[in-house]
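Peer 1: Take this structure first; my questions come after.
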Amino acid sequence: MNLETQLDKVLYRYDELRELLATGDGSSFARLSKEFSDIEPVAAAVQALRKARADMAEAEAMLADPDMKDLAEEEFYRLKETLPGLEREVQLMLLPKDEADEKNAILEVRAGTGGEEAALFAAELFRMYERYAGLKGWRFEVMDVNDTGIGGVKEASATITGRNVFARLKFESGVHRVQRVPVTEAGGRIHTSAATVAIMPEAEEVDIQLEDKDLRFDVYRSQGSGGQSVNTTDSAVRVTHIPTGLAVACQQEKSQHKNKATAMKLLRARLYEMQRAAKDAERAANRKSQVGSGDRSERIRTYNFPQGRVTDHRINLTLYKIDDVMNGTALDEVVEALVAADQAERMAEMGEA
């Protein structure tokens with residue numbers, strides 16, 4: 001379907017919805033109102049684009065009139081400069097929406113290969129996202145942390161709440177690699193370690209419905225790094241989804257009830273992500289590439305501290321500002337580039353369709 005046909009369909013549906021809302025009964029009013037509010041800004045952008053095209057054609061016709069030439073020429077070139085931006089805006093609006101983009105996100109960071117150095121790097125990544133969330137005005141709530149006792153984390157999870165959180169962070173899923181000299185390295189050799197990041201849309205009960213018969217709960221004593229953080233009661237909770245074998249544990253809170261609620265939230269998010277991954281894999285079979293595959297085994301980024309650079313391998317982006325990325329202030333540059341690359345890829349596919 002070419003662009004003009006798509007624009008015609010948008011305007012036709014916009015007029016159709018306006019008519020239905022004016023004359024229809026109340027049974028479908030809520031659904032139609034939602035669709036109308038979604039399509040209204042798209043229709044306005046299409047109308048603005050078509051008006052600009054018509055005005056440009058009119059200005060071009062007036063160039064032949066000696067009395068109007070100067071004025072028409074100025075208008076013609078102004079519109080010629082404006083049109084590409086209007087066309088891009090409309091094309092972006094026409095891209096299929098990811099239903100999860102507006103959801104909050106659940107972040108999971110796990111230490112990978114590299115022992116204690118990997119655990120330290122995982123903790124730094126977790127703090128990077130916490131700082132970034134703060135800069136974006138999002139709420140960052142720690143769900144569970146399994147620390148090493150000397151500054152690192154084996155795994156940590158958090159809920160990030162705010163506007164378009166998942167849309168901004170979904171390309172962060174994958175293996176993050178670090179290259180640097182560990183503080184424990186006497187010989188000054190550069191070590192390579194890794195941590196895995198998973199960004200999942202927060203799933204509501206309506207998204208994933210869990211039945212009691214499919215769940216097994218186990219309670220046990222929290223395992224911590226020692227001291228007062230270790231509970232003396234069986235408050236840690238592990239919940240297993242029997243059909244898939246997926247298990248989630250939480251021990252952050254002293255309350256068994258709170259740990260159970262957190263574990264259920266994590267389980268629901270992981271199951272929802274499994275469903276999304278299956279759909280993405282199906283769609284990806286027809287795609288040349290995928291900027292944000294979300295594959296946790298895919299190495300997506302390298303943080304090279306001796307050279308002060310961060311490289312995202314999917315889009316060949318390198319920034320020589322590693323400190324700014326790690327404190328969250330420059331992470332937006334990477335996020336923006338990934339979002340733009342994904343949009344460009346999807347627009348190209350839409351043009352080929």
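Just so we're on the same page: first chain in the structure tokens is A, next is B, and so on; residues restart at 1 for each chain, and ligands are numbered from 1 in the order they show up.
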DSSP says helix (DSSP H, G or I) for which residues of segment 28-210 of chain A? Put them as number ranges by chain?

Peer 2: A: 28-62, 69-94, 115-136, 165-172

Peer 1: How close does each residue of segment 192-282 of chain A get to segment 91-114 of chain A, giving the shortest atom pair and distance in Å to one decimal for every residue with an atom at most 8 Å away, counting only C-alpha atoms, sorted by chain and residue number, as JSON lines?

Peer 2:
```
{"residue": "A:Thr192", "atom": "CA", "partner": "A:Gly114", "partner_atom": "CA", "distance": 7.0}
{"residue": "A:Ser193", "atom": "CA", "partner": "A:Gly114", "partner_atom": "CA", "distance": 4.5}
{"residue": "A:Ala194", "atom": "CA", "partner": "A:Gly112", "partner_atom": "CA", "distance": 5.0}
{"residue": "A:Ala195", "atom": "CA", "partner": "A:Ala111", "partner_atom": "CA", "distance": 4.4}
{"residue": "A:Thr196", "atom": "CA", "partner": "A:Arg110", "partner_atom": "CA", "distance": 5.1}
{"residue": "A:Val197", "atom": "CA", "partner": "A:Val109", "partner_atom": "CA", "distance": 4.6}
{"residue": "A:Ala198", "atom": "CA", "partner": "A:Glu108", "partner_atom": "CA", "distance": 5.1}
{"residue": "A:Ile199", "atom": "CA", "partner": "A:Leu107", "partner_atom": "CA", "distance": 4.8}
{"residue": "A:Met200", "atom": "CA", "partner": "A:Ile106", "partner_atom": "CA", "distance": 5.1}
{"residue": "A:Pro201", "atom": "CA", "partner": "A:Ala105", "partner_atom": "CA", "distance": 4.5}
{"residue": "A:Glu202", "atom": "CA", "partner": "A:Ala105", "partner_atom": "CA", "distance": 5.0}
{"residue": "A:Leu266", "atom": "CA", "partner": "A:Ile106", "partner_atom": "CA", "distance": 7.6}
{"residue": "A:Ala269", "atom": "CA", "partner": "A:Ile106", "partner_atom": "CA", "distance": 7.3}
```

Peer 1: So what do you get for atom CA of Met347 of chain A versus atom CA of Leu86 of chain A, distance-wise?

Peer 2: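 Taking atom CA of Met347 of chain A as the start and atom CA of Leu86 of chain A as the end point, the length is 14.5 Å.
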
Peer 1: Hey, what's within 12 Å of Glu333 of chain A if we count only C-alpha atoms and toss same-chain stuff fewer than 2 positions away? As a PyMOL selection string, please?

Peer 2: chain A and resi 132+168+310-312+317-322+324-325+328-331+335-340

Peer 1: I'd like the neighbourhood of segment 237-252 of chain A as an MDAnalysis selection string, where a residue qualifies if any of its atoms comes within 10 Å (using only C-alpha atoms), though same-chain residues fewer than 5 positions away should be ignored.

Peer 2: chainID A and resid 142:146 156:157 210:224 229:231 257:268 270:271

Peer 1: I'd like to know which residues of segment 76-321 of chain A are strand (DSSP E) (by DSSP, run on the backbone); could you write them as a PyMOL selection string?

Peer 2: chain A and resi 105-111+139-147+153-161+174-180+191-201+215-220+236-241+246-250+299-304+309-312+317-319
